[in-house]
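Structure file data-v1.cif; described as mmCIF, C-alpha atoms and all ligand atoms.
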data_coords
loop_
_atom_site.group_PDB
_atom_site.id
_atom_site.type_symbol
_atom_site.label_atom_id
_atom_site.label_comp_id
_atom_site.auth_asym_id
_atom_site.auth_seq_id
_atom_site.Cartn_x
_atom_site.Cartn_y
_atom_site.Cartn_z
ATOM 1 C CA MET A 1 28.098 -21.606 -31.942
ATOM 2 C CA LYS A 2 28.468 -18.284 -33.782
ATOM 3 C CA THR A 3 29.358 -18.274 -37.461
ATOM 4 C CA ALA A 4 30.292 -15.194 -39.467
ATOM 5 C CA ILE A 5 30.713 -14.689 -43.177
ATOM 6 C CA TYR A 6 33.395 -12.423 -44.644
ATOM 7 C CA PRO A 7 32.480 -11.601 -48.276
ATOM 8 C CA GLY A 8 34.669 -9.894 -50.819
ATOM 9 C CA SER A 9 36.147 -9.922 -54.294
ATOM 10 C CA PHE A 10 39.624 -10.888 -53.006
ATOM 11 C CA ASP A 11 41.195 -10.055 -56.400
ATOM 12 C CA PRO A 12 43.708 -10.910 -54.964
ATOM 13 C CA VAL A 13 43.635 -11.427 -51.180
ATOM 14 C CA THR A 14 45.937 -8.927 -49.412
ATOM 15 C CA ASN A 15 47.514 -8.558 -45.957
ATOM 16 C CA GLY A 16 44.587 -6.218 -45.205
ATOM 17 C CA HIS A 17 42.067 -9.017 -45.855
ATOM 18 C CA LEU A 18 44.214 -11.455 -43.884
ATOM 19 C CA ASP A 19 44.257 -9.050 -40.924
ATOM 20 C CA ILE A 20 40.434 -9.037 -40.894
ATOM 21 C CA ILE A 21 40.286 -12.838 -41.387
ATOM 22 C CA ARG A 22 42.678 -13.453 -38.463
ATOM 23 C CA ARG A 23 40.892 -11.081 -36.106
ATOM 24 C CA ALA A 24 37.348 -12.174 -37.072
ATOM 25 C CA SER A 25 38.331 -15.837 -36.676
ATOM 26 C CA THR A 26 39.119 -15.164 -33.005
ATOM 27 C CA MET A 27 35.731 -13.465 -32.462
ATOM 28 C CA PHE A 28 33.561 -16.225 -33.954
ATOM 29 C CA ASP A 29 33.538 -20.011 -33.711
ATOM 30 C CA LYS A 30 33.642 -20.272 -37.482
ATOM 31 C CA LEU A 31 34.422 -17.811 -40.283
ATOM 32 C CA ILE A 32 33.298 -18.442 -43.844
ATOM 33 C CA VAL A 33 35.324 -16.399 -46.325
ATOM 34 C CA VAL A 34 33.280 -16.178 -49.504
ATOM 35 C CA VAL A 35 34.432 -14.973 -52.906
ATOM 36 C CA LEU A 36 31.571 -13.075 -54.542
ATOM 37 C CA ILE A 37 31.179 -11.137 -57.765
ATOM 38 C CA ASN A 38 30.609 -7.427 -58.165
ATOM 39 C CA PRO A 39 29.285 -7.447 -61.740
ATOM 40 C CA LEU A 40 30.485 -3.857 -62.206
ATOM 41 C CA LYS A 41 34.149 -4.790 -61.638
ATOM 42 C CA ASN A 42 36.732 -6.318 -63.979
ATOM 43 C CA TYR A 43 38.672 -9.076 -62.285
ATOM 44 C CA SER A 44 42.215 -10.274 -62.948
ATOM 45 C CA PHE A 45 41.884 -13.631 -61.165
ATOM 46 C CA SER A 46 39.181 -16.235 -61.855
ATOM 47 C CA ILE A 47 36.997 -17.388 -58.964
ATOM 48 C CA PRO A 48 38.867 -20.743 -58.638
ATOM 49 C CA GLU A 49 42.185 -18.810 -58.610
ATOM 50 C CA ARG A 50 40.930 -16.450 -55.873
ATOM 51 C CA VAL A 51 39.639 -19.406 -53.840
ATOM 52 C CA ALA A 52 43.018 -21.164 -54.248
ATOM 53 C CA LEU A 53 44.942 -18.047 -53.086
ATOM 54 C CA LEU A 54 42.656 -17.679 -50.046
ATOM 55 C CA THR A 55 43.035 -21.380 -49.231
ATOM 56 C CA LYS A 56 46.826 -21.037 -49.363
ATOM 57 C CA VAL A 57 47.050 -17.979 -47.095
ATOM 58 C CA THR A 58 44.665 -19.406 -44.482
ATOM 59 C CA GLU A 59 46.325 -22.817 -44.316
ATOM 60 C CA GLY A 60 46.583 -23.950 -40.698
ATOM 61 C CA MET A 61 43.755 -21.693 -39.490
ATOM 62 C CA ARG A 62 41.341 -24.260 -38.122
ATOM 63 C CA ASN A 63 37.983 -22.438 -38.073
ATOM 64 C CA ILE A 64 38.026 -21.011 -41.607
ATOM 65 C CA GLU A 65 36.014 -22.217 -44.578
ATOM 66 C CA ILE A 66 36.645 -20.804 -48.067
ATOM 67 C CA ALA A 67 33.667 -20.700 -50.434
ATOM 68 C CA SER A 68 32.475 -18.923 -53.561
ATOM 69 C CA TYR A 69 29.035 -17.939 -54.815
ATOM 70 C CA ASP A 70 27.749 -16.523 -58.077
ATOM 71 C CA GLY A 71 24.801 -14.480 -56.791
ATOM 72 C CA LEU A 72 23.582 -12.104 -54.122
ATOM 73 C CA LEU A 73 25.159 -12.295 -50.682
ATOM 74 C CA ALA A 74 21.655 -12.014 -49.177
ATOM 75 C CA ASP A 75 20.641 -15.185 -51.070
ATOM 76 C CA TYR A 76 23.739 -17.100 -49.976
ATOM 77 C CA PHE A 77 22.960 -16.013 -46.425
ATOM 78 C CA LYS A 78 19.392 -17.384 -46.870
ATOM 79 C CA GLN A 79 20.664 -20.735 -48.129
ATOM 80 C CA ARG A 80 23.012 -21.205 -45.203
ATOM 81 C CA ALA A 81 21.072 -21.224 -41.960
ATOM 82 C CA ASP A 82 24.380 -21.698 -40.074
ATOM 83 C CA ILE A 83 25.515 -18.102 -40.784
ATOM 84 C CA ASP A 84 24.739 -15.522 -38.082
ATOM 85 C CA VAL A 85 26.396 -12.322 -39.229
ATOM 86 C CA ILE A 86 28.291 -10.603 -42.052
ATOM 87 C CA VAL A 87 31.746 -9.203 -41.242
ATOM 88 C CA LYS A 88 33.302 -6.404 -43.290
ATOM 89 C CA GLY A 89 36.574 -4.529 -42.833
ATOM 90 C CA LEU A 90 36.656 -0.739 -42.889
ATOM 91 C CA ARG A 91 39.911 0.916 -43.922
ATOM 92 C CA ALA A 92 38.957 4.558 -43.872
ATOM 93 C CA THR A 93 35.955 6.842 -43.870
ATOM 94 C CA SER A 94 36.067 6.613 -47.678
ATOM 95 C CA ASP A 95 34.947 2.953 -47.400
ATOM 96 C CA PHE A 96 32.092 3.821 -45.123
ATOM 97 C CA GLU A 97 29.437 5.157 -47.487
ATOM 98 C CA TYR A 98 29.661 2.220 -49.891
ATOM 99 C CA GLU A 99 29.816 -0.353 -47.090
ATOM 100 C CA PHE A 100 26.893 1.318 -45.303
ATOM 101 C CA GLN A 101 24.836 1.115 -48.526
ATOM 102 C CA MET A 102 25.714 -2.553 -48.985
ATOM 103 C CA ALA A 103 24.903 -3.394 -45.351
ATOM 104 C CA HIS A 104 21.466 -1.772 -45.705
ATOM 105 C CA THR A 105 20.805 -3.409 -49.097
ATOM 106 C CA ASN A 106 21.734 -6.833 -47.708
ATOM 107 C CA LYS A 107 19.448 -6.326 -44.706
ATOM 108 C CA ASP A 108 16.658 -5.076 -46.944
ATOM 109 C CA LEU A 109 16.976 -8.189 -49.144
ATOM 110 C CA ASN A 110 17.249 -10.482 -46.128
ATOM 111 C CA PRO A 111 16.243 -9.008 -42.740
ATOM 112 C CA ARG A 112 18.346 -11.675 -40.958
ATOM 113 C CA ALA A 113 21.528 -10.376 -42.612
ATOM 114 C CA GLU A 114 23.147 -8.051 -40.069
ATOM 115 C CA THR A 115 26.609 -6.581 -40.779
ATOM 116 C CA VAL A 116 29.350 -5.815 -38.261
ATOM 117 C CA PHE A 117 32.379 -3.718 -39.177
ATOM 118 C CA ILE A 118 35.938 -4.323 -38.025
ATOM 119 C CA PRO A 119 38.366 -1.400 -38.399
ATOM 120 C CA ALA A 120 41.475 -2.302 -40.389
ATOM 121 C CA SER A 121 44.698 -2.412 -38.377
ATOM 122 C CA ALA A 122 46.722 0.801 -38.701
ATOM 123 C CA ASN A 123 49.469 -0.871 -40.763
ATOM 124 C CA THR A 124 47.021 -2.183 -43.390
ATOM 125 C CA THR A 125 44.653 0.784 -43.837
ATOM 126 C CA PHE A 126 46.231 1.800 -47.145
ATOM 127 C CA ILE A 127 46.379 -1.672 -48.706
ATOM 128 C CA SER A 128 43.880 -2.530 -51.428
ATOM 129 C CA SER A 129 43.737 -5.213 -54.113
ATOM 130 C CA SER A 130 43.876 -2.573 -56.849
ATOM 131 C CA MET A 131 46.997 -0.988 -55.317
ATOM 132 C CA VAL A 132 48.601 -4.447 -55.062
ATOM 133 C CA LYS A 133 47.738 -5.118 -58.716
ATOM 134 C CA GLN A 134 49.395 -1.903 -59.888
ATOM 135 C CA VAL A 135 52.571 -2.598 -57.905
ATOM 136 C CA ALA A 136 52.642 -6.189 -59.226
ATOM 137 C CA MET A 137 52.070 -5.135 -62.856
ATOM 138 C CA PHE A 138 55.198 -2.948 -62.749
ATOM 139 C CA GLY A 139 57.208 -5.676 -60.984
ATOM 140 C CA GLY A 140 57.326 -3.803 -57.649
ATOM 141 C CA ASP A 141 58.003 -5.270 -54.214
ATOM 142 C CA LEU A 142 54.851 -6.926 -52.860
ATOM 143 C CA SER A 143 56.354 -8.214 -49.614
ATOM 144 C CA LYS A 144 54.519 -5.798 -47.322
ATOM 145 C CA TYR A 145 51.175 -6.109 -49.067
ATOM 146 C CA VAL A 146 50.444 -9.787 -49.683
ATOM 147 C CA PRO A 147 51.472 -12.982 -47.845
ATOM 148 C CA ALA A 148 54.835 -14.376 -49.041
ATOM 149 C CA VAL A 149 53.326 -17.728 -50.120
ATOM 150 C CA ILE A 150 51.386 -16.048 -52.937
ATOM 151 C CA HIS A 151 53.893 -13.356 -54.127
ATOM 152 C CA GLU A 152 55.136 -15.400 -57.034
ATOM 153 C CA GLU A 153 51.694 -16.409 -58.297
ATOM 154 C CA ILE A 154 50.418 -12.823 -58.163
ATOM 155 C CA SER A 155 53.509 -11.373 -59.846
ATOM 156 C CA VAL A 156 53.501 -13.901 -62.685
ATOM 157 C CA LYS A 157 49.777 -13.485 -63.351
ATOM 158 C CA LEU A 158 49.752 -9.684 -63.274
ATOM 159 C CA THR A 159 52.970 -8.976 -65.160
ATOM 160 C CA GLY A 160 51.590 -11.342 -67.843
ATOM 161 C CA GLU A 161 48.239 -9.547 -67.906
ATOM 162 C CA PHE A 162 49.946 -6.161 -68.147
ATOM 163 C CA GLU A 163 52.204 -7.341 -70.974
ATOM 164 C CA GLU A 164 49.135 -8.559 -72.899
ATOM 165 C CA LYS A 165 47.413 -5.183 -72.374
ATOM 166 C CA ARG A 166 50.498 -3.291 -73.574
ATOM 167 C CA ARG A 167 50.720 -5.505 -76.646
ATOM 168 C CA ALA A 168 47.002 -5.052 -77.436
ATOM 169 C CA ALA A 169 47.328 -1.249 -77.090
ATOM 170 C CA ALA A 170 50.409 -1.181 -79.341
ATOM 171 C CA LYS A 171 48.581 -3.317 -81.922
ATOM 172 C CA LYS A 172 45.609 -0.941 -81.832
ATOM 173 C CA ARG A 173 47.945 1.990 -82.457
ATOM 174 C CA GLY A 174 49.412 0.057 -85.403
ATOM 175 C CA GLU A 175 52.881 -0.115 -83.807
ATOM 176 C CA ILE A 176 53.156 -3.914 -84.139
HETATM 177 O O1 LIG B 1 35.879 -6.696 -52.106
HETATM 178 P P1 LIG B 1 34.737 -5.937 -52.701
HETATM 179 O O2 LIG B 1 34.901 -5.787 -54.198
HETATM 180 O O3 LIG B 1 34.439 -4.637 -52.017
HETATM 181 O O4 LIG B 1 33.451 -6.879 -52.459
HETATM 182 C C1 LIG B 1 32.194 -6.481 -52.877
HETATM 183 C C2 LIG B 1 31.292 -7.716 -52.907
HETATM 184 C C3 LIG B 1 31.808 -8.743 -53.926
HETATM 185 C C4 LIG B 1 31.247 -8.346 -51.523
HETATM 186 C C5 LIG B 1 29.889 -7.225 -53.299
HETATM 187 O O5 LIG B 1 29.920 -6.645 -54.573
HETATM 188 C C6 LIG B 1 28.852 -8.351 -53.278
HETATM 189 O O6 LIG B 1 28.320 -8.655 -52.215
HETATM 190 N N1 LIG B 1 28.571 -8.942 -54.466
HETATM 191 C C7 LIG B 1 27.544 -9.960 -54.603
HETATM 192 C C8 LIG B 1 26.240 -9.307 -55.100
HETATM 193 C C9 LIG B 1 25.573 -8.613 -53.927
HETATM 194 O O7 LIG B 1 25.004 -9.248 -53.067
HETATM 195 N N2 LIG B 1 25.716 -7.271 -53.870
HETATM 196 C C10 LIG B 1 25.269 -6.514 -52.700
HETATM 197 C C11 LIG B 1 23.932 -5.940 -52.894
HETATM 198 S S1 LIG B 1 24.046 -4.563 -53.974
#
How does the structure come out when it is put into structure tokens?
Amino acid sequence: MKTAIYPGSFDPVTNGHLDIIRRASTMFDKLIVVVLINPLKNYSFSIPERVALLTKVTEGMRNIEIASYDGLLADYFKQRADIDVIVKGLRATSDFEYEFQMAHTNKDLNPRAETVFIPASANTTFISSSMVKQVAMFGGDLSKYVPAVIHEEISVKLTGEFEEKRRAAAKKRGEI
């Protein structure tokens, strides 16, 4: 039995992530999708919210497990002897350098942690969580970028966050 792990921030999960999840789940007996933290990033969704969104969009997919971990991927990999390989999606050459660095760092920290890359499908290469967040904050149409079952949740959360930011900026400028 081969088990892969697909790590990411998933802030929020997009159709691009789902494309990789679907395709990786056909290549391995089991796929663990794990929400991790990049301490250098600011997140809009909490870890439980990101786990809940992932759980919703993968409902009915029988060989998927959703997990989260507050630590190094290499350490999570060490703790779970059932994991064979790390899967990452590559959208464009611009992803490559960063992903290559992470793959080498993970292997350096844990020599068992090999990474395989899956190229994003052509129709999802331009989709990113940060692009989705911008579209959502301005109330744009998300239908091509995130699964329909989570549109509403993403829109409500991000338009609210944006409104709060606008209000805070206006307050700082002394306008309100
Ligand atoms: O979706 P992202 O933001 O590109 O995912 C990056 C993520 C969260 C997978 C990466 O930052 C990560 O693995 N974070 C956990 C800490 C870690 O192990 N970092 C890699 C070694 S520098």
Using only C-alpha atoms and all ligand atoms, tabulate the residues of chain A lying at most 9 Å from any atom of ligand LIG 1 (chain B), each with its closest atom pair and that distance in Å to one decimal, by chain and increasing residue number, as a Markdown table.
| residue | atom | partner | partner_atom | distance |
| --- | --- | --- | --- | --- |
| A:Tyr6 | CA | B:LIG1 | C4 | 8.3 |
| A:Pro7 | CA | B:LIG1 | C4 | 4.8 |
| A:Gly8 | CA | B:LIG1 | O4 | 3.6 |
| A:Ser9 | CA | B:LIG1 | O1 | 3.9 |
| A:Phe10 | CA | B:LIG1 | O1 | 5.7 |
| A:Asp11 | CA | B:LIG1 | O1 | 7.6 |
| A:Val34 | CA | B:LIG1 | C4 | 8.3 |
| A:Val35 | CA | B:LIG1 | C3 | 6.8 |
| A:Leu36 | CA | B:LIG1 | C3 | 4.4 |
| A:Ile37 | CA | B:LIG1 | C3 | 4.6 |
| A:Asn38 | CA | B:LIG1 | O5 | 3.7 |
| A:Pro39 | CA | B:LIG1 | O5 | 7.2 |
| A:Leu40 | CA | B:LIG1 | O5 | 8.1 |
| A:Lys41 | CA | B:LIG1 | O2 | 7.5 |
| A:Tyr69 | CA | B:LIG1 | C7 | 8.1 |
| A:Asp70 | CA | B:LIG1 | C7 | 7.4 |
| A:Gly71 | CA | B:LIG1 | C8 | 5.6 |
| A:Leu72 | CA | B:LIG1 | O7 | 3.4 |
| A:Leu73 | CA | B:LIG1 | O7 | 3.9 |
| A:Ala74 | CA | B:LIG1 | O7 | 5.8 |
| A:Asp75 | CA | B:LIG1 | O7 | 7.6 |
| A:Tyr76 | CA | B:LIG1 | O7 | 8.5 |
| A:Lys88 | CA | B:LIG1 | C4 | 8.7 |
| A:Asp95 | CA | B:LIG1 | O3 | 8.9 |
| A:Tyr98 | CA | B:LIG1 | O3 | 8.6 |
| A:Glu99 | CA | B:LIG1 | O3 | 8.0 |
| A:Gln101 | CA | B:LIG1 | S1 | 7.9 |
| A:Met102 | CA | B:LIG1 | C10 | 5.4 |
| A:Ala103 | CA | B:LIG1 | C10 | 8.0 |
| A:His104 | CA | B:LIG1 | C11 | 8.7 |
| A:Thr105 | CA | B:LIG1 | C11 | 5.5 |
| A:Asn106 | CA | B:LIG1 | C11 | 5.7 |
| A:Leu109 | CA | B:LIG1 | C11 | 8.2 |
| A:Ser129 | CA | B:LIG1 | O1 | 8.2 |
- [ ] Tell me, in Å to one decimal, how far CA of Ala4 in chain A is from CA of Leu31 in chain A.
- [x] 5.0 Å
Residue members of the PyMOL selection byres (((chain A and resi 83) around 9) and not hetatm) in the file shown, as a compact mmCIF listing (two decimals) with C-alpha atoms, in the frame of the given file:
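This went into expr-v5.txt:
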# COMPACT_ATOMS: atom_id res chain seq x y z
CA LYS A 2 28.47 -18.28 -33.78
CA THR A 3 29.36 -18.27 -37.46
CA ALA A 4 30.29 -15.19 -39.47
CA ILE A 5 30.71 -14.69 -43.18
CA LEU A 31 34.42 -17.81 -40.28
CA ILE A 32 33.30 -18.44 -43.84
CA PHE A 77 22.96 -16.01 -46.42
CA LYS A 78 19.39 -17.38 -46.87
CA ARG A 80 23.01 -21.20 -45.20
CA ALA A 81 21.07 -21.22 -41.96
CA ASP A 82 24.38 -21.70 -40.07
CA ASP A 84 24.74 -15.52 -38.08
CA VAL A 85 26.40 -12.32 -39.23
CA ILE A 86 28.29 -10.60 -42.05
CA ALA A 113 21.53 -10.38 -42.61
All residues 12 Å or closer to Gly16 in chain A, only C-alpha atoms, same chain fewer than 4 positions away omitted, as a PDB file with C-alpha atoms, in the coordinates of the input:
ATOM      1  CA  GLY A   8      34.669  -9.894 -50.819  1.00  0.00           C
ATOM      2  CA  PHE A  10      39.624 -10.888 -53.006  1.00  0.00           C
ATOM      3  CA  PRO A  12      43.708 -10.910 -54.964  1.00  0.00           C
ATOM      4  CA  ILE A  20      40.434  -9.037 -40.894  1.00  0.00           C
ATOM      5  CA  ILE A  21      40.286 -12.838 -41.387  1.00  0.00           C
ATOM      6  CA  ARG A  22      42.678 -13.453 -38.463  1.00  0.00           C
ATOM      7  CA  ARG A  23      40.892 -11.081 -36.106  1.00  0.00           C
ATOM      8  CA  LYS A  88      33.302  -6.404 -43.290  1.00  0.00           C
ATOM      9  CA  GLY A  89      36.574  -4.529 -42.833  1.00  0.00           C
ATOM     10  CA  LEU A  90      36.656  -0.739 -42.889  1.00  0.00           C
ATOM     11  CA  ARG A  91      39.911   0.916 -43.922  1.00  0.00           C
ATOM     12  CA  ILE A 118      35.938  -4.323 -38.025  1.00  0.00           C
ATOM     13  CA  PRO A 119      38.366  -1.400 -38.399  1.00  0.00           C
ATOM     14  CA  ALA A 120      41.475  -2.302 -40.389  1.00  0.00           C
ATOM     15  CA  SER A 121      44.698  -2.412 -38.377  1.00  0.00           C
ATOM     16  CA  ALA A 122      46.722   0.801 -38.701  1.00  0.00           C
ATOM     17  CA  ASN A 123      49.469  -0.871 -40.763  1.00  0.00           C
ATOM     18  CA  THR A 124      47.021  -2.183 -43.390  1.00  0.00           C
ATOM     19  CA  THR A 125      44.653   0.784 -43.837  1.00  0.00           C
ATOM     20  CA  PHE A 126      46.231   1.800 -47.145  1.00  0.00           C
ATOM     21  CA  ILE A 127      46.379  -1.672 -48.706  1.00  0.00           C
ATOM     22  CA  SER A 128      43.880  -2.530 -51.428  1.00  0.00           C
ATOM     23  CA  SER A 129      43.737  -5.213 -54.113  1.00  0.00           C
ATOM     24  CA  MET A 131      46.997  -0.988 -55.317  1.00  0.00           C
ATOM     25  CA  VAL A 132      48.601  -4.447 -55.062  1.00  0.00           C
ATOM     26  CA  LYS A 144      54.519  -5.798 -47.322  1.00  0.00           C
ATOM     27  CA  TYR A 145      51.175  -6.109 -49.067  1.00  0.00           C
ATOM     28  CA  VAL A 146      50.444  -9.787 -49.683  1.00  0.00           C
ATOM     29  CA  PRO A 147      51.472 -12.982 -47.845  1.00  0.00           C
TER      30      PRO A 147
END
Taking all atoms of range 44-61 of chain A that the file lists and extending 6 Å past them on each side, where is the centre of the axis-aligned box and how long are its edges? Answer in Å to one decimal, as JSON.
{"center_x": 42.0, "center_y": -17.1, "center_z": -51.2, "size_x": 22.1, "size_y": 25.7, "size_z": 35.5}
Task: Residues near Phe138 in chain A, cut-off 12 Å, only C-alpha atoms, skip fewer than 2 positions along chain, as a PyMOL selection string - done: chain A and resi 131-136+140-142+154-163+166
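Using all atoms listed in the file, the shortest contact distance between Arg62 in chain A and any of A:Thr115, A:Ser143, A:Thr26, A:Ser94 is found at A:Thr26.
Here the question is which of A:Met137, A:His17, A:Ala67, A:Lys30 gets nearest to Lys165 in chain A using all atoms listed in the file, and that residue is A:Met137.
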- [ ] Can you work out the spacing between CA of Phe100 in chain A and CA of Ile66 in chain A in Å, to one decimal?
- [x] 24.3 Å
- [ ] Go ahead and compute the interatomic distance for CA of Ile176 in chain A and CA of Gly139 in chain A, in Å to one decimal.
- [x] 23.6 Å
